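S.K.: Pasting a structure below so you can have a look.
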Number of protein chains: 2
Amino acid sequence: MKKSGSDDRLYLDDLRVGQRLTSGTHVVDEEQIKAFARQFDPQPFHLDKEAAKRSLFSGLVAGGWHTAAITMRLLVEGGLPLAGGTIGAGGELNWPNPTRPGDTLQVESEVLEIRPSWSRPDRGVATVRSLTRNQRNEVVQVLTAKLIVPRRV
Amino acid sequence: MKKSGSDDRLYLDDLRVGQRLTSGTHVVDEEQIKAFARQFDPQPFHLDKEAAKRSLFSGLVAGGWHTAAITMRLLVEGGLPLAGGTIGAGGELNWPNPTRPGDTLQVESEVLEIRPSWSRPDRGVATVRSLTRNQRNEVVQVLTAKLIVPRRV
């Protein structure tokens, strides 16, 4: 049993290149897709099943930014338990396949690079590639992010 | 006066390298920041003013994905009026400064590259850099996206 005072989150010093971490899962449904779209991405292929059928996607899909937001939730809630939180300075993003209603998403992250800061000895930057997959093992998002991670000082 | 049947959205053929487009504005408040964070990015510096003061950010900030989602809304609602919608295949993302409560965001986009598809003559890819700035003209997000844009056929 872990004491609430203990810190099992990862510092830069705890990471190693090639390390893999797996998140929990999240099931995306039509209502979530439409709700996100109404607020941030009001396009027919995210809002209207019939219009979506006639679109490039041949059916209702989640917006890429919705997939990104769900991925973030999965990372924050245990997929990438970094000390100091999940703080990104930026990154590269690809959406090879769309997220569709009923998809179960899960994120697998791999540490690609670890770089302690020269100017700030209390922190560094970790480059992490996070693949978001659906239940058919199709990749819906590839995110390669530069994350600010504290060091054990 | 424009007829509702007329199409003033931009096709690949209407774009030119160097072309700039400016979005409307969006005011971000504390409640929006917390609501997005509760749903997608539940970290103390997005949820709790006091905890945020003690964080890297020295105050409450919007998550990067929230800034990205607001940027998308501004692009979809006129900032980048592409025929067929704003459909990204992926891109690069940087957050040089955080978005804070009270910030007014606006997006300026510039067409960097236009590439008709060889295999699909009805479309192509435009590379567009979208800078999201606050009212102090600080850049809070740089997005360089590859967008799928239909051709006039």
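Identifiers for the structure tokens are assigned positionally: chains receive A, B, ... in sequence, residues are indexed from 1 per chain, and ligands are indexed from 1 in the order shown.
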Got a sec: who's within 8 Å of Leu93 of chain A, counting only C-alpha atoms, leaving out chain neighbours fewer than 6 positions off, as a list in words?

M.R.: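 Result of the neighbour search: Gln141, Val142, Leu143 and Thr144 of chain A; Gly90, Gly91, Glu92 and Leu93 of chain B.
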
S.K.: Please return, as a ChimeraX atom specification, all residues of chain A lying within 10 Å of chain B when only C-alpha atoms are considered.

M.R.: /A:36-45,55-56,63-66,68-77,84-98,141-146,148

S.K.: Can I get the selected residues back with N, CA and C atoms, as a CSV table (one decimal), in the first residue's frame?

M.R.:
```csv
chain,number,residue,atom,x,y,z
A,36,PHE,N,-17.7,18.2,-28.2
A,36,PHE,CA,-16.5,18.9,-28.4
A,36,PHE,C,-16.5,19.7,-29.6
A,37,ALA,N,-17.2,19.2,-30.7
A,37,ALA,CA,-17.3,19.9,-32.0
A,37,ALA,C,-18.1,21.2,-31.8
A,38,ARG,N,-19.2,21.1,-31.1
A,38,ARG,CA,-20.0,22.3,-30.9
A,38,ARG,C,-19.2,23.4,-30.3
A,39,GLN,N,-18.3,23.0,-29.4
A,39,GLN,CA,-17.6,24.0,-28.6
A,39,GLN,C,-16.3,24.5,-29.4
A,40,PHE,N,-15.6,23.6,-30.1
A,40,PHE,CA,-14.3,24.0,-30.6
A,40,PHE,C,-14.1,23.7,-32.1
A,41,ASP,N,-14.9,22.9,-32.7
A,41,ASP,CA,-14.6,22.4,-34.1
A,41,ASP,C,-15.9,22.1,-34.8
A,42,PRO,N,-16.8,23.2,-35.0
A,42,PRO,CA,-18.1,23.0,-35.5
A,42,PRO,C,-18.1,22.8,-37.0
A,43,GLN,N,-17.8,21.5,-37.4
A,43,GLN,CA,-17.8,21.2,-38.8
A,43,GLN,C,-18.7,20.0,-39.0
A,44,PRO,N,-19.4,19.9,-40.2
A,44,PRO,CA,-20.4,18.9,-40.4
A,44,PRO,C,-20.0,17.5,-40.1
A,45,PHE,N,-18.8,17.1,-40.5
A,45,PHE,CA,-18.4,15.7,-40.3
A,45,PHE,C,-18.1,15.4,-38.8
A,55,SER,N,-19.0,13.1,-46.5
A,55,SER,CA,-17.7,13.8,-46.4
A,55,SER,C,-16.5,12.9,-46.7
A,56,LEU,N,-15.3,13.5,-46.7
A,56,LEU,CA,-14.1,12.7,-46.9
A,56,LEU,C,-14.0,11.5,-46.0
A,63,GLY,N,-12.9,15.3,-34.1
A,63,GLY,CA,-11.8,16.2,-34.6
A,63,GLY,C,-10.5,15.7,-34.0
A,64,GLY,N,-9.4,16.1,-34.8
A,64,GLY,CA,-8.1,15.8,-34.3
A,64,GLY,C,-7.8,16.4,-33.0
A,65,TRP,N,-8.3,17.6,-32.7
A,65,TRP,CA,-8.0,18.2,-31.4
A,65,TRP,C,-8.7,17.6,-30.3
A,66,HIS,N,-9.8,16.9,-30.6
A,66,HIS,CA,-10.6,16.1,-29.6
A,66,HIS,C,-9.7,14.9,-29.3
A,68,ALA,N,-6.6,14.7,-29.5
A,68,ALA,CA,-5.4,15.2,-28.8
A,68,ALA,C,-5.8,15.4,-27.3
A,69,ALA,N,-7.0,16.0,-27.1
A,69,ALA,CA,-7.5,16.3,-25.7
A,69,ALA,C,-7.7,15.0,-24.9
A,70,ILE,N,-8.3,14.0,-25.6
A,70,ILE,CA,-8.5,12.7,-24.9
A,70,ILE,C,-7.2,12.1,-24.6
A,71,THR,N,-6.2,12.2,-25.5
A,71,THR,CA,-4.9,11.6,-25.3
A,71,THR,C,-4.3,12.3,-24.0
A,72,MET,N,-4.4,13.7,-24.0
A,72,MET,CA,-3.9,14.4,-22.8
A,72,MET,C,-4.5,13.9,-21.5
A,73,ARG,N,-5.8,13.7,-21.5
A,73,ARG,CA,-6.5,13.2,-20.3
A,73,ARG,C,-5.9,11.8,-19.9
A,74,LEU,N,-5.7,10.9,-20.9
A,74,LEU,CA,-5.1,9.6,-20.6
A,74,LEU,C,-3.7,9.7,-20.1
A,75,LEU,N,-2.9,10.7,-20.6
A,75,LEU,CA,-1.5,10.8,-20.1
A,75,LEU,C,-1.5,11.4,-18.7
A,76,VAL,N,-2.4,12.4,-18.5
A,76,VAL,CA,-2.4,13.1,-17.1
A,76,VAL,C,-2.9,12.1,-16.1
A,77,GLU,N,-3.8,11.2,-16.4
A,77,GLU,CA,-4.4,10.3,-15.5
A,77,GLU,C,-3.6,9.0,-15.4
A,84,GLY,N,5.7,16.9,-11.3
A,84,GLY,CA,5.6,18.3,-11.8
A,84,GLY,C,4.4,18.4,-12.8
A,85,GLY,N,3.9,17.2,-13.3
A,85,GLY,CA,2.8,17.3,-14.2
A,85,GLY,C,3.3,17.1,-15.7
A,86,THR,N,2.3,17.0,-16.5
A,86,THR,CA,2.6,16.8,-18.0
A,86,THR,C,2.6,18.2,-18.6
A,87,ILE,N,3.8,18.7,-18.8
A,87,ILE,CA,3.9,20.1,-19.3
A,87,ILE,C,4.7,20.1,-20.6
A,88,GLY,N,4.0,20.4,-21.7
A,88,GLY,CA,4.6,20.3,-23.0
A,88,GLY,C,5.0,21.6,-23.5
A,89,ALA,N,6.2,21.7,-24.1
A,89,ALA,CA,6.6,23.0,-24.7
A,89,ALA,C,6.2,23.0,-26.2
A,90,GLY,N,5.8,21.8,-26.7
A,90,GLY,CA,5.4,21.7,-28.1
A,90,GLY,C,5.7,20.3,-28.6
A,91,GLY,N,5.5,20.1,-29.9
A,91,GLY,CA,5.7,18.8,-30.5
A,91,GLY,C,5.2,18.7,-31.9
A,92,GLU,N,5.2,17.4,-32.3
A,92,GLU,CA,4.7,17.1,-33.7
A,92,GLU,C,3.5,16.2,-33.5
A,93,LEU,N,2.6,16.4,-34.4
A,93,LEU,CA,1.3,15.7,-34.3
A,93,LEU,C,0.9,15.2,-35.6
A,94,ASN,N,0.4,13.9,-35.6
A,94,ASN,CA,-0.1,13.3,-36.9
A,94,ASN,C,-1.4,12.5,-36.5
A,95,TRP,N,-2.3,12.6,-37.5
A,95,TRP,CA,-3.6,11.8,-37.3
A,95,TRP,C,-3.7,10.9,-38.5
A,96,PRO,N,-3.1,9.7,-38.4
A,96,PRO,CA,-3.2,8.8,-39.6
A,96,PRO,C,-4.6,8.2,-39.8
A,97,ASN,N,-5.4,8.1,-38.8
A,97,ASN,CA,-6.7,7.6,-38.9
A,97,ASN,C,-7.6,8.4,-38.0
A,98,PRO,N,-8.9,8.6,-38.4
A,98,PRO,CA,-9.8,9.4,-37.5
A,98,PRO,C,-10.3,8.5,-36.4
A,141,GLN,N,-3.5,8.7,-33.5
A,141,GLN,CA,-2.6,9.9,-33.3
A,141,GLN,C,-1.2,9.5,-33.0
A,142,VAL,N,-0.3,10.2,-33.6
A,142,VAL,CA,1.2,10.1,-33.2
A,142,VAL,C,1.5,11.5,-32.7
A,143,LEU,N,1.9,11.6,-31.4
A,143,LEU,CA,2.3,12.8,-30.8
A,143,LEU,C,3.8,12.7,-30.3
A,144,THR,N,4.7,13.5,-30.9
A,144,THR,CA,6.0,13.5,-30.3
A,144,THR,C,6.2,14.8,-29.6
A,145,ALA,N,6.3,14.8,-28.3
A,145,ALA,CA,6.3,16.0,-27.5
A,145,ALA,C,7.5,16.2,-26.8
A,146,LYS,N,7.9,17.5,-26.6
A,146,LYS,CA,9.0,17.9,-25.7
A,146,LYS,C,8.4,18.3,-24.4
A,148,ILE,N,8.7,19.2,-20.3
A,148,ILE,CA,9.5,19.8,-19.2
A,148,ILE,C,9.4,18.9,-18.0
```

S.K.: Can you list, as a short mmCIF file (atom, residue, chain, number, x, y, z; two decimals) with all heavy atoms, in the first residue's frame, every protein, DNA or RNA residue that comes within 9 Å of Arg151 of chain A when you count only C-alpha atoms, leaving out same-chain residues fewer than 3 positions away?

M.R.:
```cif
data_model
loop_
_atom_site.label_atom_id
_atom_site.label_comp_id
_atom_site.auth_asym_id
_atom_site.auth_seq_id
_atom_site.Cartn_x
_atom_site.Cartn_y
_atom_site.Cartn_z
N TYR A 11 10.71 11.52 -12.12
CA TYR A 11 11.58 12.68 -12.36
C TYR A 11 12.44 12.38 -13.59
O TYR A 11 12.53 11.23 -14.03
CB TYR A 11 12.45 12.94 -11.13
CG TYR A 11 11.66 13.52 -9.98
CD1 TYR A 11 10.89 12.68 -9.17
CD2 TYR A 11 11.67 14.88 -9.72
CE1 TYR A 11 10.15 13.21 -8.12
CE2 TYR A 11 10.93 15.41 -8.67
CZ TYR A 11 10.17 14.56 -7.88
OH TYR A 11 9.43 15.10 -6.86
N LEU A 12 13.09 13.42 -14.10
CA LEU A 12 13.94 13.23 -15.28
C LEU A 12 14.97 12.12 -15.05
O LEU A 12 15.23 11.30 -15.94
CB LEU A 12 14.67 14.55 -15.62
CG LEU A 12 15.29 14.60 -17.02
CD1 LEU A 12 14.21 14.80 -18.09
CD2 LEU A 12 16.32 15.72 -17.13
N ASP A 13 15.47 12.07 -13.82
CA ASP A 13 16.48 11.08 -13.46
C ASP A 13 15.94 9.65 -13.51
O ASP A 13 16.71 8.69 -13.53
CB ASP A 13 17.00 11.38 -12.05
CG ASP A 13 17.22 12.87 -11.84
OD1 ASP A 13 16.22 13.61 -11.70
OD2 ASP A 13 18.37 13.30 -11.85
N ASP A 14 14.63 9.48 -13.44
CA ASP A 14 14.03 8.15 -13.43
C ASP A 14 13.75 7.64 -14.84
O ASP A 14 13.44 6.46 -15.04
CB ASP A 14 12.69 8.17 -12.68
CG ASP A 14 12.85 8.70 -11.27
OD1 ASP A 14 13.86 8.37 -10.63
OD2 ASP A 14 11.96 9.47 -10.83
N ALA A 83 6.64 13.74 -12.50
CA ALA A 83 6.68 14.69 -11.40
C ALA A 83 6.51 16.08 -11.98
O ALA A 83 7.04 16.39 -13.05
CB ALA A 83 8.01 14.58 -10.66
N PRO A 116 19.02 16.94 -19.86
CA PRO A 116 19.04 17.86 -18.72
C PRO A 116 19.33 19.27 -19.19
O PRO A 116 20.04 19.46 -20.18
CB PRO A 116 20.20 17.34 -17.85
CG PRO A 116 20.50 15.96 -18.37
CD PRO A 116 20.12 15.96 -19.81
N PRO A 121 19.49 23.63 -13.59
CA PRO A 121 19.85 22.28 -13.14
C PRO A 121 18.71 21.54 -12.44
O PRO A 121 18.84 20.35 -12.17
CB PRO A 121 21.02 22.52 -12.18
CG PRO A 121 20.96 23.95 -11.80
CD PRO A 121 20.27 24.67 -12.91
N ASP A 122 17.60 22.23 -12.18
CA ASP A 122 16.48 21.56 -11.51
C ASP A 122 15.52 20.89 -12.48
O ASP A 122 14.52 20.34 -12.08
CB ASP A 122 15.72 22.56 -10.63
CG ASP A 122 15.10 23.69 -11.45
OD1 ASP A 122 15.56 23.94 -12.59
OD2 ASP A 122 14.14 24.34 -10.96
N ARG A 123 15.81 20.96 -13.78
CA ARG A 123 14.86 20.40 -14.75
C ARG A 123 15.55 19.97 -16.03
O ARG A 123 16.77 20.14 -16.21
CB ARG A 123 13.76 21.39 -15.07
CG ARG A 123 14.25 22.63 -15.83
CD ARG A 123 13.14 23.64 -16.06
NE ARG A 123 12.77 24.29 -14.81
CZ ARG A 123 12.13 25.45 -14.72
NH1 ARG A 123 11.76 26.08 -15.81
NH2 ARG A 123 11.85 26.00 -13.56
N GLY A 124 14.77 19.41 -16.94
CA GLY A 124 15.29 19.05 -18.25
C GLY A 124 14.14 18.82 -19.20
O GLY A 124 12.98 19.07 -18.86
#
```

S.K.: Env of Gly18 of chain B: 7 Å cut, atoms = only C-alpha atoms, seq-sep filter 6 positions within chain, self excluded. Answer as a compact mmCIF listing (two decimals) with N, CA, C and O atoms, in the first residue's frame.

M.R.:
```txt
# COMPACT_ATOMS: atom_id res chain seq x y z
N GLU B 110 -0.62 32.04 -42.33
CA GLU B 110 0.11 32.34 -43.56
C GLU B 110 0.30 31.05 -44.34
O GLU B 110 0.72 30.03 -43.77
N VAL B 111 0.00 31.10 -45.62
CA VAL B 111 0.20 29.93 -46.48
C VAL B 111 1.68 29.80 -46.80
O VAL B 111 2.29 30.73 -47.33
N LEU B 112 2.26 28.64 -46.43
CA LEU B 112 3.70 28.43 -46.65
C LEU B 112 3.98 27.62 -47.91
O LEU B 112 5.00 27.82 -48.56
```

S.K.: My list of candidates is A:Val125, A:Leu47, A:Leu105, A:Val61. Which is closest to Thr25 of chain A when distances are computed with only C-alpha atoms?

M.R.: A:Leu105

S.K.: Between atom CA of Val128 of chain B and atom CA of Gln19 of chain B, what is the distance in Å, rounded to a tenth?

M.R.: 9.5 Å

S.K.: From the DSSP assignment of the backbone, select every residue of segment 13-141 of chain B that is strand (DSSP E or B), and format the answer as a PyMOL selection string.

M.R.: chain B and resi 20-27+82+88-94+104-116+123-133+139-141

S.K.: Within 7 Å of Gly102 of chain A, counting only C-alpha atoms, which residues qualify if same-chain residues fewer than 2 places away don't, as a list in words?

M.R.: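 Listing them by chain and then by number gives Val27, Val28, Asp29, Arg100 and Thr104 of chain A.
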